[in-house]
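S.K.: What follows is model_20.txt, made up of compact mmCIF, C-alpha atoms:
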```txt
# COMPACT_ATOMS: atom_id res chain seq x y z
CA MET A 1 14.41 19.54 -17.29
CA THR A 2 17.40 21.88 -16.97
CA GLN A 3 17.30 22.31 -13.17
CA SER A 4 17.95 19.50 -10.70
CA LEU A 5 15.28 18.64 -8.14
CA PRO A 6 17.33 20.11 -5.24
CA ASP A 7 17.74 23.32 -7.25
CA LEU A 8 13.99 23.46 -7.91
CA THR A 9 13.06 23.11 -4.26
CA ALA A 10 15.66 25.70 -3.23
CA ARG A 11 14.36 28.08 -5.88
CA LEU A 12 10.77 27.60 -4.71
CA LEU A 13 11.65 28.14 -1.05
CA GLU A 14 13.43 31.37 -1.92
CA ALA A 15 10.34 32.54 -3.81
CA ALA A 16 8.21 31.71 -0.77
CA ARG A 17 10.49 33.74 1.51
CA ARG A 18 10.29 36.74 -0.81
CA ALA A 19 6.50 36.42 -0.92
CA GLY A 20 6.35 36.71 2.86
CA ALA A 21 6.02 33.13 4.13
CA ASP A 22 7.11 32.52 7.73
CA GLN A 23 7.90 28.87 6.98
CA ALA A 24 7.69 26.74 3.86
CA ASP A 25 8.47 23.30 2.54
CA ALA A 26 8.72 22.18 -1.07
CA MET A 27 8.62 18.88 -2.90
CA ALA A 28 9.87 18.30 -6.44
CA ARG A 29 9.22 15.08 -8.28
CA ASP A 30 9.96 13.72 -11.72
CA GLY A 31 9.65 10.32 -13.30
CA SER A 32 9.00 8.26 -16.39
CA SER A 33 7.16 5.04 -17.13
CA VAL A 34 6.47 2.67 -20.02
CA SER A 35 3.54 0.27 -20.00
CA ILE A 36 2.72 -2.37 -22.62
CA GLY A 37 -0.50 -4.42 -22.80
CA VAL A 38 -1.26 -7.31 -25.17
CA ARG A 39 -4.32 -9.32 -26.08
CA ALA A 40 -4.79 -12.22 -28.49
CA GLY A 41 -1.10 -12.18 -29.35
CA LYS A 42 -1.11 -8.56 -30.45
CA LEU A 43 -0.22 -5.19 -28.98
CA GLU A 44 -3.33 -3.67 -27.41
CA GLU A 45 -1.96 -0.61 -25.65
CA ALA A 46 1.32 1.19 -25.21
CA GLU A 47 1.76 4.11 -22.86
CA ARG A 48 4.76 6.25 -22.12
CA SER A 49 4.79 9.14 -19.70
CA GLU A 50 7.42 11.59 -18.53
CA GLY A 51 7.04 14.63 -16.39
CA ALA A 52 8.15 16.78 -13.52
CA GLU A 53 6.13 18.79 -11.03
CA ILE A 54 6.60 20.73 -7.84
CA GLY A 55 4.54 21.45 -4.76
CA LEU A 56 4.80 24.17 -2.13
CA ARG A 57 3.35 24.52 1.34
CA VAL A 58 3.61 27.92 3.01
CA ILE A 59 2.89 28.72 6.64
CA LEU A 60 1.94 32.14 8.00
CA GLY A 61 1.67 31.98 11.76
CA GLN A 62 -0.89 29.23 12.33
CA ARG A 63 -2.29 29.27 8.81
CA GLN A 64 -1.14 27.19 5.84
CA ALA A 65 -1.83 26.68 2.14
CA CYS A 66 -0.59 24.27 -0.52
CA VAL A 67 -0.17 24.71 -4.27
CA SER A 68 1.42 22.64 -7.04
CA SER A 69 2.42 23.06 -10.67
CA SER A 70 4.10 21.33 -13.59
CA ASP A 71 5.34 24.69 -14.89
CA LEU A 72 8.96 24.88 -13.76
CA ARG A 73 9.85 28.32 -15.10
CA ASP A 74 11.19 30.84 -12.59
CA ALA A 75 8.31 33.21 -13.25
CA ALA A 76 5.80 30.44 -12.64
CA MET A 77 7.42 29.57 -9.32
CA ASP A 78 7.29 33.19 -8.22
CA GLU A 79 3.60 33.26 -9.09
CA MET A 80 3.05 29.96 -7.21
CA ALA A 81 4.67 31.34 -4.07
CA ALA A 82 2.67 34.56 -4.18
CA ARG A 83 -0.57 32.64 -4.69
CA ALA A 84 0.20 30.27 -1.83
CA VAL A 85 0.91 33.14 0.57
CA ALA A 86 -2.31 34.88 -0.46
CA MET A 87 -4.25 31.65 0.13
CA ALA A 88 -2.61 31.14 3.53
CA ARG A 89 -3.71 34.61 4.65
CA GLU A 90 -7.32 33.53 4.11
CA ALA A 91 -6.99 30.05 5.63
CA PRO A 92 -8.39 29.25 9.09
CA GLU A 93 -5.95 29.10 11.97
CA ASP A 94 -4.73 25.69 13.09
CA PRO A 95 -2.60 25.50 16.25
CA THR A 96 -0.99 22.23 15.09
CA VAL A 97 0.52 23.74 11.92
CA GLY A 98 4.30 24.06 11.74
CA LEU A 99 7.51 22.53 10.43
CA ALA A 100 9.75 20.24 12.45
CA SER A 101 12.38 21.80 14.67
CA SER A 102 16.00 21.35 13.62
CA ASP A 103 16.67 18.78 16.35
CA GLN A 104 13.84 16.57 15.02
CA LEU A 105 15.23 16.28 11.49
CA SER A 106 16.66 13.11 10.01
CA ALA A 107 20.43 12.90 9.62
CA LEU A 108 19.88 10.49 6.72
CA ARG A 109 19.21 12.42 3.51
CA ASP A 110 19.32 9.70 0.80
CA ALA A 111 18.27 6.07 0.33
CA THR A 112 21.46 4.47 -0.97
CA ALA A 113 21.48 1.78 1.71
CA LEU A 114 17.85 0.85 1.01
CA GLU A 115 18.43 -0.27 -2.61
CA LEU A 116 15.30 1.34 -3.99
CA PHE A 117 16.68 1.97 -7.49
CA ASP A 118 17.79 -0.72 -9.94
CA PRO A 119 20.84 0.56 -11.85
CA SER A 120 20.50 -2.04 -14.61
CA ASP A 121 19.41 -0.96 -18.08
CA ALA A 122 15.78 -0.09 -18.61
CA PRO A 123 13.89 -2.63 -20.74
CA SER A 124 12.94 -1.60 -24.25
CA PRO A 125 9.25 -1.43 -25.21
CA ASP A 126 9.80 -4.51 -27.36
CA ALA A 127 11.26 -6.41 -24.40
CA LEU A 128 8.22 -5.46 -22.31
CA MET A 129 5.94 -6.64 -25.10
CA GLN A 130 7.71 -10.00 -25.30
CA THR A 131 7.33 -10.39 -21.54
CA ALA A 132 3.58 -9.68 -21.78
CA LEU A 133 3.19 -12.10 -24.70
CA ALA A 134 5.01 -14.82 -22.75
CA ALA A 135 2.62 -14.39 -19.82
CA GLU A 136 -0.39 -14.52 -22.12
CA ALA A 137 0.85 -17.63 -23.93
CA ALA A 138 1.50 -19.44 -20.64
CA ALA A 139 -2.03 -18.69 -19.44
CA LEU A 140 -3.59 -19.90 -22.70
CA ALA A 141 -1.61 -23.13 -22.42
CA VAL A 142 -3.50 -24.05 -19.24
CA ASP A 143 -6.25 -26.55 -20.02
CA GLY A 144 -9.63 -24.87 -19.54
CA VAL A 145 -8.51 -21.29 -20.20
CA THR A 146 -10.55 -19.88 -23.08
CA GLN A 147 -9.05 -16.40 -23.32
CA VAL A 148 -6.81 -13.87 -21.66
CA SER A 149 -8.50 -10.56 -20.93
CA GLY A 150 -5.18 -8.81 -20.59
CA ALA A 151 -1.47 -9.28 -19.98
CA GLY A 152 1.11 -6.59 -19.59
CA ALA A 153 4.49 -5.42 -18.42
CA SER A 154 5.72 -2.04 -17.25
CA TYR A 155 8.80 -0.21 -16.09
CA GLY A 156 9.14 3.12 -14.35
CA THR A 157 11.40 5.35 -12.32
CA SER A 158 10.70 8.25 -10.01
CA HIS A 159 12.83 10.77 -8.18
CA VAL A 160 11.75 12.99 -5.29
CA HIS A 161 13.41 15.77 -3.33
CA ILE A 162 12.05 17.52 -0.24
CA ALA A 163 13.40 20.74 1.26
CA ALA A 164 12.18 23.15 3.91
CA THR A 165 13.09 26.45 5.50
CA ASN A 166 14.07 24.60 8.71
CA GLY A 167 17.20 23.42 6.89
CA PHE A 168 16.10 19.97 5.73
CA SER A 169 17.05 18.88 2.21
CA GLY A 170 17.00 15.28 1.03
CA GLY A 171 15.82 13.01 -1.75
CA TYR A 172 15.99 9.59 -3.34
CA SER A 173 15.12 7.60 -6.46
CA ARG A 174 12.95 4.55 -6.94
CA SER A 175 12.38 2.10 -9.79
CA HIS A 176 9.70 -0.50 -10.42
CA ARG A 177 9.09 -3.37 -12.82
CA GLN A 178 5.81 -5.22 -13.14
CA THR A 179 4.26 -8.15 -15.00
CA TYR A 180 0.60 -9.18 -14.77
CA CYS A 181 -1.91 -11.49 -16.46
CA THR A 182 -5.68 -11.99 -16.16
CA ALA A 183 -7.08 -15.26 -17.53
CA ILE A 184 -10.66 -16.34 -18.25
CA ALA A 185 -11.86 -19.94 -18.03
CA GLY A 186 -15.16 -21.33 -19.30
CA THR A 187 -17.67 -19.87 -21.72
CA GLY A 188 -20.95 -17.97 -21.76
CA THR A 189 -22.54 -17.39 -18.38
CA LYS A 190 -20.15 -19.84 -16.73
CA MET A 191 -16.97 -17.87 -17.27
CA GLU A 192 -14.62 -17.23 -14.36
CA ARG A 193 -11.57 -15.02 -14.22
CA ASP A 194 -8.55 -14.69 -11.99
CA SER A 195 -5.13 -13.13 -12.20
CA ASP A 196 -1.57 -13.09 -11.03
CA GLY A 197 1.16 -10.48 -11.09
CA ASP A 198 4.41 -9.38 -9.59
CA MET A 199 5.93 -5.97 -8.93
CA ARG A 200 9.54 -5.56 -7.83
CA LEU A 201 12.04 -2.75 -7.64
CA PHE A 202 14.80 -4.82 -9.26
CA GLN A 203 14.53 -6.77 -12.51
CA SER A 204 16.49 -9.69 -11.06
CA ASP A 205 13.82 -10.19 -8.39
CA LEU A 206 10.85 -10.27 -10.80
CA ARG A 207 9.16 -13.64 -11.23
CA PRO A 208 9.23 -15.15 -14.74
CA ALA A 209 6.38 -14.15 -17.04
CA GLU A 210 5.62 -17.81 -17.78
CA GLU A 211 5.08 -18.54 -14.08
CA ILE A 212 2.75 -15.56 -13.74
CA GLY A 213 0.67 -16.56 -16.77
CA THR A 214 0.43 -20.19 -15.70
CA ARG A 215 -0.69 -19.29 -12.20
CA ALA A 216 -3.31 -16.86 -13.53
CA GLY A 217 -4.68 -19.61 -15.77
CA GLU A 218 -4.73 -22.23 -13.02
CA ARG A 219 -6.50 -19.86 -10.66
CA ALA A 220 -9.20 -19.08 -13.23
CA VAL A 221 -9.82 -22.75 -14.01
CA SER A 222 -10.05 -23.62 -10.32
CA ARG A 223 -13.02 -21.22 -9.97
CA LEU A 224 -15.20 -22.99 -12.57
CA GLY A 225 -18.49 -24.34 -11.26
CA ALA A 226 -18.67 -22.00 -8.27
CA VAL A 227 -21.83 -22.07 -6.13
CA GLN A 228 -22.88 -20.00 -3.15
CA PRO A 229 -21.39 -20.98 0.23
CA LYS A 230 -23.53 -22.37 3.02
CA THR A 231 -25.24 -19.98 5.40
CA GLY A 232 -24.27 -20.25 9.03
CA LYS A 233 -21.41 -19.86 11.48
CA TYR A 234 -18.17 -21.35 10.13
CA PRO A 235 -14.39 -20.86 10.24
CA VAL A 236 -13.08 -18.46 7.61
CA LEU A 237 -9.54 -18.62 6.26
CA PHE A 238 -8.37 -15.41 4.59
CA ASP A 239 -5.90 -16.42 1.87
CA GLU A 240 -2.53 -14.67 1.91
CA ARG A 241 -3.51 -12.75 -1.22
CA ILE A 242 -6.22 -10.83 0.68
CA SER A 243 -5.37 -11.27 4.37
CA GLY A 244 -3.50 -7.96 4.36
CA SER A 245 -6.88 -6.22 4.18
CA LEU A 246 -7.55 -7.22 7.80
CA ILE A 247 -4.29 -5.65 8.90
CA GLY A 248 -5.16 -2.65 6.74
CA HIS A 249 -8.26 -2.08 8.87
CA LEU A 250 -6.11 -2.20 12.01
CA LEU A 251 -3.67 0.31 10.50
CA GLY A 252 -6.53 2.62 9.61
CA ALA A 253 -7.83 2.40 13.15
CA VAL A 254 -4.46 3.41 14.68
CA ASN A 255 -3.95 6.29 12.26
CA GLY A 256 -3.57 9.56 14.16
CA VAL A 257 -6.21 11.31 12.07
CA ALA A 258 -8.85 8.72 13.00
CA ILE A 259 -7.82 8.86 16.67
CA ALA A 260 -7.85 12.68 16.80
CA ARG A 261 -11.32 12.74 15.26
CA GLY A 262 -12.61 10.01 17.56
CA GLY A 263 -13.55 7.86 14.56
CA SER A 264 -11.71 4.62 15.34
CA PHE A 265 -12.90 1.33 16.78
CA LEU A 266 -9.53 1.13 18.59
CA ARG A 267 -9.82 4.45 20.41
CA GLY A 268 -9.40 3.78 24.11
CA HIS A 269 -7.46 0.57 23.43
CA LEU A 270 -3.92 1.97 23.72
CA GLY A 271 -1.93 -0.34 26.00
CA GLN A 272 -4.57 -3.07 25.70
CA ARG A 273 -4.56 -6.43 23.93
CA VAL A 274 -5.84 -6.25 20.35
CA LEU A 275 -4.11 -9.33 18.87
CA PRO A 276 -3.53 -12.76 20.39
CA ALA A 277 -0.52 -13.17 22.68
CA GLY A 278 2.62 -13.88 20.72
CA LEU A 279 1.59 -11.81 17.69
CA SER A 280 3.24 -8.49 16.88
CA LEU A 281 2.74 -6.02 14.06
CA THR A 282 6.06 -4.36 13.26
CA GLU A 283 6.77 -1.45 10.96
CA ASP A 284 10.21 -1.36 9.31
CA PRO A 285 10.76 1.41 6.74
CA HIS A 286 14.39 0.37 6.19
CA ARG A 287 13.88 -3.02 4.53
CA PRO A 288 16.04 -3.12 1.35
CA ARG A 289 14.38 -3.50 -2.05
CA THR A 290 10.88 -2.95 -0.67
CA SER A 291 8.36 -0.54 -2.12
CA GLY A 292 7.34 0.93 1.25
CA SER A 293 10.86 1.76 2.40
CA ARG A 294 12.07 5.33 2.82
CA PRO A 295 14.93 6.98 4.73
CA PHE A 296 12.85 9.90 6.06
CA ASP A 297 9.24 10.96 6.02
CA ALA A 298 7.57 13.82 4.15
CA GLU A 299 8.37 16.27 6.97
CA GLY A 300 12.06 15.35 7.10
CA LEU A 301 11.75 13.28 10.28
CA PRO A 302 13.74 10.05 10.57
CA THR A 303 11.89 6.81 9.91
CA ALA A 304 12.58 3.89 12.23
CA ARG A 305 11.52 0.36 13.05
CA ARG A 306 8.76 0.25 15.67
CA ALA A 307 6.22 -2.20 17.06
CA ILE A 308 2.67 -0.99 16.45
CA VAL A 309 1.42 -4.06 18.32
CA ASP A 310 3.87 -5.86 20.62
CA ASP A 311 3.01 -9.38 21.82
CA GLY A 312 -0.64 -8.59 21.20
CA ILE A 313 -0.61 -5.20 23.01
CA LEU A 314 -1.34 -1.99 21.10
CA THR A 315 1.65 0.28 21.79
CA GLY A 316 0.97 3.48 19.86
CA TRP A 317 -0.64 5.48 17.08
CA THR A 318 0.70 6.39 13.63
CA LEU A 319 1.48 10.11 13.78
CA ASP A 320 2.76 12.98 11.70
CA LEU A 321 3.66 16.29 13.35
CA ALA A 322 0.15 17.76 13.29
CA THR A 323 -1.67 14.73 14.72
CA ALA A 324 1.09 14.29 17.33
CA ARG A 325 0.51 17.87 18.47
CA LYS A 326 -3.25 17.32 18.59
CA LEU A 327 -2.79 14.25 20.77
CA ASN A 328 0.07 15.71 22.82
CA MET A 329 2.36 12.87 21.77
CA ALA A 330 5.68 12.48 19.93
CA PRO A 331 5.55 12.06 16.12
CA THR A 332 6.44 8.61 14.77
CA GLY A 333 8.05 9.68 11.47
CA ASN A 334 5.06 8.60 9.38
CA ALA A 335 4.18 11.75 7.43
CA ALA A 336 3.24 11.28 3.78
CA ARG A 337 2.12 13.96 1.37
CA GLY A 338 1.19 14.74 -2.17
CA LEU A 339 2.26 17.84 -4.02
CA SER A 340 -0.92 19.80 -3.35
CA ALA A 341 -1.87 18.75 0.17
CA PRO A 342 -0.34 18.99 3.64
CA PRO A 343 1.22 15.91 5.28
CA SER A 344 -0.89 13.20 6.86
CA PRO A 345 0.02 9.97 8.70
CA SER A 346 0.68 6.82 6.70
CA ASN A 347 2.33 3.49 7.39
CA TRP A 348 5.38 2.13 5.61
CA ASN A 349 6.39 -1.56 5.54
CA VAL A 350 4.57 -3.68 8.11
CA GLU A 351 4.95 -7.33 9.07
CA LEU A 352 2.68 -9.56 11.13
CA THR A 353 4.26 -12.36 13.14
CA GLN A 354 3.92 -15.58 11.16
CA GLY A 355 2.65 -18.80 12.67
CA THR A 356 4.15 -22.28 12.53
CA ALA A 357 1.31 -23.94 10.59
CA THR A 358 1.09 -24.08 6.80
CA ARG A 359 -2.03 -22.95 4.98
CA ASP A 360 -2.89 -26.63 4.41
CA ASP A 361 -2.58 -27.21 8.15
CA LEU A 362 -5.12 -24.47 8.79
CA ILE A 363 -7.44 -25.87 6.11
CA ALA A 364 -7.30 -29.24 7.86
CA ARG A 365 -7.99 -27.54 11.19
CA MET A 366 -11.09 -25.82 9.78
CA GLY A 367 -13.00 -29.03 9.18
CA THR A 368 -15.88 -27.29 7.40
CA GLY A 369 -15.53 -23.64 6.40
CA PHE A 370 -14.77 -20.96 3.83
CA LEU A 371 -11.36 -20.32 2.25
CA VAL A 372 -11.66 -16.73 0.97
CA THR A 373 -9.44 -15.78 -1.98
CA SER A 374 -11.30 -12.69 -3.20
CA LEU A 375 -13.19 -9.87 -1.47
CA ILE A 376 -15.77 -7.66 -3.14
CA GLY A 377 -17.15 -4.39 -1.80
CA SER A 378 -17.36 -3.61 1.89
CA THR A 379 -19.60 -2.35 4.64
CA ILE A 380 -17.27 -1.51 7.50
CA ASN A 381 -18.08 0.80 10.40
CA ALA A 382 -14.85 2.55 11.39
CA ASN A 383 -16.33 3.55 14.76
CA THR A 384 -17.57 0.15 15.91
CA GLY A 385 -15.52 -2.27 13.80
CA ASP A 386 -18.62 -3.99 12.38
CA TYR A 387 -17.45 -5.84 9.26
CA SER A 388 -19.30 -7.22 6.23
CA ARG A 389 -17.85 -8.04 2.80
CA GLY A 390 -18.74 -9.99 -0.30
CA ALA A 391 -16.42 -12.96 -0.76
CA SER A 392 -15.54 -15.83 -3.06
CA GLY A 393 -13.08 -18.70 -2.88
CA PHE A 394 -13.45 -22.35 -1.93
CA TRP A 395 -15.59 -24.42 0.42
CA VAL A 396 -13.78 -26.75 2.78
CA GLU A 397 -15.27 -30.07 3.90
CA ASN A 398 -13.57 -32.55 6.24
CA GLY A 399 -10.41 -30.47 6.22
CA ARG A 400 -10.05 -30.49 2.42
CA ILE A 401 -10.97 -28.07 -0.36
CA SER A 402 -14.26 -29.34 -1.78
CA HIS A 403 -15.45 -26.92 -4.48
CA PRO A 404 -15.32 -23.25 -5.54
CA VAL A 405 -17.83 -20.82 -4.08
CA ALA A 406 -18.89 -17.28 -4.99
CA GLU A 407 -21.50 -14.64 -4.17
CA GLY A 408 -21.15 -15.12 -0.43
CA THR A 409 -21.00 -12.61 2.40
CA ILE A 410 -18.83 -12.84 5.51
CA ALA A 411 -19.52 -10.75 8.61
CA GLY A 412 -18.17 -10.13 12.09
CA ASN A 413 -16.61 -7.44 14.24
CA LEU A 414 -13.00 -6.43 13.71
CA LEU A 415 -12.20 -6.18 17.43
CA ASP A 416 -13.27 -9.79 17.86
CA MET A 417 -11.72 -10.95 14.56
CA LEU A 418 -8.32 -9.41 15.29
CA ALA A 419 -8.29 -10.85 18.82
CA ARG A 420 -8.86 -14.40 17.53
CA MET A 421 -6.75 -14.55 14.37
CA ILE A 422 -4.50 -17.56 13.77
CA PRO A 423 -1.71 -16.90 11.23
CA ALA A 424 -0.15 -19.39 8.82
CA ASN A 425 3.51 -19.26 7.72
CA ASP A 426 3.05 -18.39 4.04
CA ALA A 427 3.60 -14.60 3.86
CA ARG A 428 5.64 -13.27 0.94
CA PRO A 429 8.63 -11.46 2.48
CA HIS A 430 9.22 -9.01 -0.38
CA LEU A 431 5.86 -7.26 -0.05
CA SER A 432 5.39 -3.98 1.77
CA HIS A 433 2.72 -5.65 3.91
CA VAL A 434 4.01 -9.08 4.96
CA VAL A 435 0.86 -10.84 6.17
CA PRO A 436 0.26 -14.62 6.01
CA SER A 437 -3.03 -16.43 5.56
CA ILE A 438 -5.22 -15.83 8.61
CA LEU A 439 -7.79 -18.17 10.11
CA ILE A 440 -10.71 -16.83 12.15
CA GLU A 441 -12.61 -19.77 13.55
CA ASP A 442 -16.12 -18.38 13.89
CA MET A 443 -17.70 -15.92 11.46
CA SER A 444 -21.15 -15.42 10.00
CA ILE A 445 -21.50 -16.54 6.38
CA ALA A 446 -24.48 -15.77 4.17
CA GLY A 447 -25.02 -17.73 0.98
CA GLN A 448 -27.45 -20.39 -0.05
```
Output the file's structure as structure tokens, nothing else.

M.R.:
Amino acid sequence: MTQSLPDLTARLLEAARRAGADQADAMARDGSSVSIGVRAGKLEEAERSEGAEIGLRVILGQRQACVSSSDLRDAAMDEMAARAVAMAREAPEDPTVGLASSDQLSALRDATALELFDPSDAPSPDALMQTALAAEAAALAVDGVTQVSGAGASYGTSHVHIAATNGFSGGYSRSHRQTYCTAIAGTGTKMERDSDGDMRLFQSDLRPAEEIGTRAGERAVSRLGAVQPKTGKYPVLFDERISGSLIGHLLGAVNGVAIARGGSFLRGHLGQRVLPAGLSLTEDPHRPRTSGSRPFDAEGLPTARRAIVDDGILTGWTLDLATARKLNMAPTGNAARGLSAPPSPSNWNVELTQGTATRDDLIARMGTGFLVTSLIGSTINANTGDYSRGASGFWVENGRISHPVAEGTIAGNLLDMLARMIPANDARPHLSHVVPSILIEDMSIAGQ
């Protein structure tokens, strides 16, 4: 690519002005990635990708249109701009359409302080293959593991730049490194599988491949001999690996799009208690070396730490400019966008207040119940919060793990579940969603 990303966005905005756009914003993105997969001690797949693409949103009065392209020639950008303006003329009017005013824009225009890009040398494909082989070998060394369905390692970088006719121009780079392994224990119809993996922005933070493979193998072996859980009302402990899904439902319910459409089980609950006293859900987009961090949002607004839930009380919605205008509220700096679509609200890094008890403490507290480590499928009513999901994990008797279980169903209502959650203290702090294991003491379980 001969032009820099800032040059590309400036070139595209100029084309939009000439085509007759009243306002416009542009996003340019490039990146590269290498992914290696192994199986049975041999290379199974190798993928490399590189590319650059651009997106343009034009606004004519109260109408907008979005287009994108991977053709970066000047003539192609002129054609893009003309097509976008023609599409906008035919689009329906929307009174919430419009760029941010100059006084709303972020003063921060890069992400240097957030440490999102690892400056160390990129790993070679051979180094990635050796990492994947090490993970596979460690899994196979676990007694009871019969095969590894896949192990792999990857590395990638991406760069993004956003500019708009309101004067905003900013961008940043991001890197990622990942290792994963999926092990299979048992044979025939009694096989069980489980996995482990790690994704970090910096190589120095990545867990060793041997640890990942061993944990994947141990998890698979621990699932052997699974039976259906008991049917009835029992405590359910959501393991830290999957507990973030509960908070994900809360985040979906406070999203400005859901609120504006009236399709949220939390509509009407602003300023009310939705979590137990003492628990807060905090968003912090400025955590260093975290995948969800960013210095500004997709509309150029500043991102900032905020409490979505404060001491159990719901304090606000997640808003971009359009949903804020619909709800007659201030935007929260949460706009995200792709290259060919307008912005929409999205959350960055979130963290739930951790408890003082360990996961083992909560298992002991359960007495008899269901420790869920895997969720399958879902039937969730976004309007009412009714919740039902397939689940597997371990049955707990007398405060101790008794045996593995599978093919169960857990059910409840999210309003009630969120209000009664009891968190452990085992959240992983490097994740974008820092959520510990969560105990809910009374849920419906269907099994045998």

S.K.: Calculate how many Å separate CA of Asn166 in chain A from CA of Pro343 in chain A, rounding to one decimal.

M.R.: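 Answer for the CA of Asn166 in chain A to CA of Pro343 in chain A separation: 15.9 Å.
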
S.K.: Do you know which residues are at most 6 Å from range 61-74 of chain A counting all atoms listed in the file, after dropping those on the same chain fewer than 2 positions away, and could you put them as an NGL selection string?

M.R.: :A and (53-59 or 76-77 or 84 or 87-88 or 91 or 93-95 or 97 or 339-341)

S.K.: Tell me, in Å to one decimal, how far CA of Gly292 in chain A is from CA of Asp30 in chain A.

M.R.: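 So the answer is 18.4 Å.
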
S.K.: Hey, what's within 8 Å of range 114-130 of chain A if we count all atoms listed in the file and toss same-chain stuff fewer than 3 positions away? As a ChimeraX atom specification, please?

M.R.: /A:34-38,43,111,133-134,152-155,157,173-176,201-203,286-291,293-295

S.K.: Need the shell around Ala183 in chain A: protein/DNA/RNA residues with any atom at most 6 Å away, counting all atoms listed in the file. Skip same-chain ones fewer than 6 positions apart. Format as an mmCIF file with C-alpha atoms, in the coordinates of the input?

M.R.:
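Here's the written file around27.cif:
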```cif
data_model
loop_
_atom_site.group_PDB
_atom_site.id
_atom_site.type_symbol
_atom_site.label_atom_id
_atom_site.label_comp_id
_atom_site.auth_asym_id
_atom_site.auth_seq_id
_atom_site.Cartn_x
_atom_site.Cartn_y
_atom_site.Cartn_z
ATOM 1 C CA VAL A 148 -6.810 -13.870 -21.660
ATOM 2 C CA SER A 149 -8.500 -10.560 -20.930
ATOM 3 C CA ARG A 193 -11.570 -15.020 -14.220
ATOM 4 C CA ASP A 194 -8.550 -14.690 -11.990
ATOM 5 C CA ALA A 216 -3.310 -16.860 -13.530
ATOM 6 C CA GLY A 217 -4.680 -19.610 -15.770
#
```

S.K.: Measuring atom to atom with only C-alpha atoms, identify which of A:His430, A:Arg83, A:Arg11, A:Arg109 is nearest to Phe296 in chain A.

M.R.: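 Checking each candidate against Phe296 in chain A, we get A:Arg109 as the closest.
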
S.K.: Looking at only C-alpha atoms, which of A:Ser101, A:Gln272, A:Asn398, A:Ser158 is the one that sits closest to Ser32 in chain A?

M.R.: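 Smallest separation from Ser32 in chain A among the options: A:Ser158.
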
S.K.: Between A:Val396, A:Ile308, A:Ala226, A:Leu279, which one has atoms that come closest to Asn255 in chain A, using all atoms listed in the file?

M.R.: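 Nearest candidate to Asn255 in chain A out of A:Val396, A:Ile308, A:Ala226, A:Leu279: A:Ile308.
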
S.K.: Using all atoms listed in the file, find all polymer residues with an atom at most 12 Å away from the point (14.5, 30.9, 0.7); report them as a ChimeraX atom specification.

M.R.: /A:7-26,58,78,81,163-167

S.K.: For CA of Asn383 in chain A and CA of Ala253 in chain A, quote the distance in Å rounded to one decimal.

M.R.: 8.7 Å

S.K.: For range 367-374 of chain A, please output as a count of residues only all residues within 7 Å (counting all atoms listed in the file; exclusion window: fewer than 6 positions along the same chain).

M.R.: 17

S.K.: Could you give me, as a count of residues only, the residues within 10 Å of Asp416 in chain A, counting all atoms listed in the file and dropping anything in the same chain fewer than 5 positions from it?

M.R.: 8

S.K.: Go through A:Val257, A:Ile401, A:Leu352, A:Ala139 and flag the residue nearest Ile422 in chain A, using all atoms listed in the file for the distances.

M.R.: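 For Ile422 in chain A, the nearest of the candidates is A:Leu352.
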
S.K.: Using only C-alpha atoms, list the residues that have an atom at most 7 Å from (8.2, -6.6, 19.9), coordinates as in the file, as a list in words.

M.R.: Ser280, Ala307, Asp310 and Asp311 of chain A

S.K.: Tell me which of A:Thr384, A:Thr356, A:Ser195, A:Thr189 sits closest to Arg215 in chain A, counting only C-alpha atoms.

M.R.: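 Closest residue, counting only C-alpha atoms: A:Ser195.
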
S.K.: Box along x, y and z, 6 Å on every side, all listed atoms of range 24-28 of chain A inside: centre and edge lengths in Å to one decimal, as lines of an AutoDock Vina configuration file.

M.R.:
```
center_x = 8.8
center_y = 22.5
center_z = -1.3
size_x = 14.2
size_y = 20.4
size_z = 22.3
```

S.K.: Just checking: using all atoms listed in the file, which residue out of A:His159, A:Arg428, A:Arg400, A:Lys326 ends up closest to Ala258 in chain A?

M.R.: A:Lys326
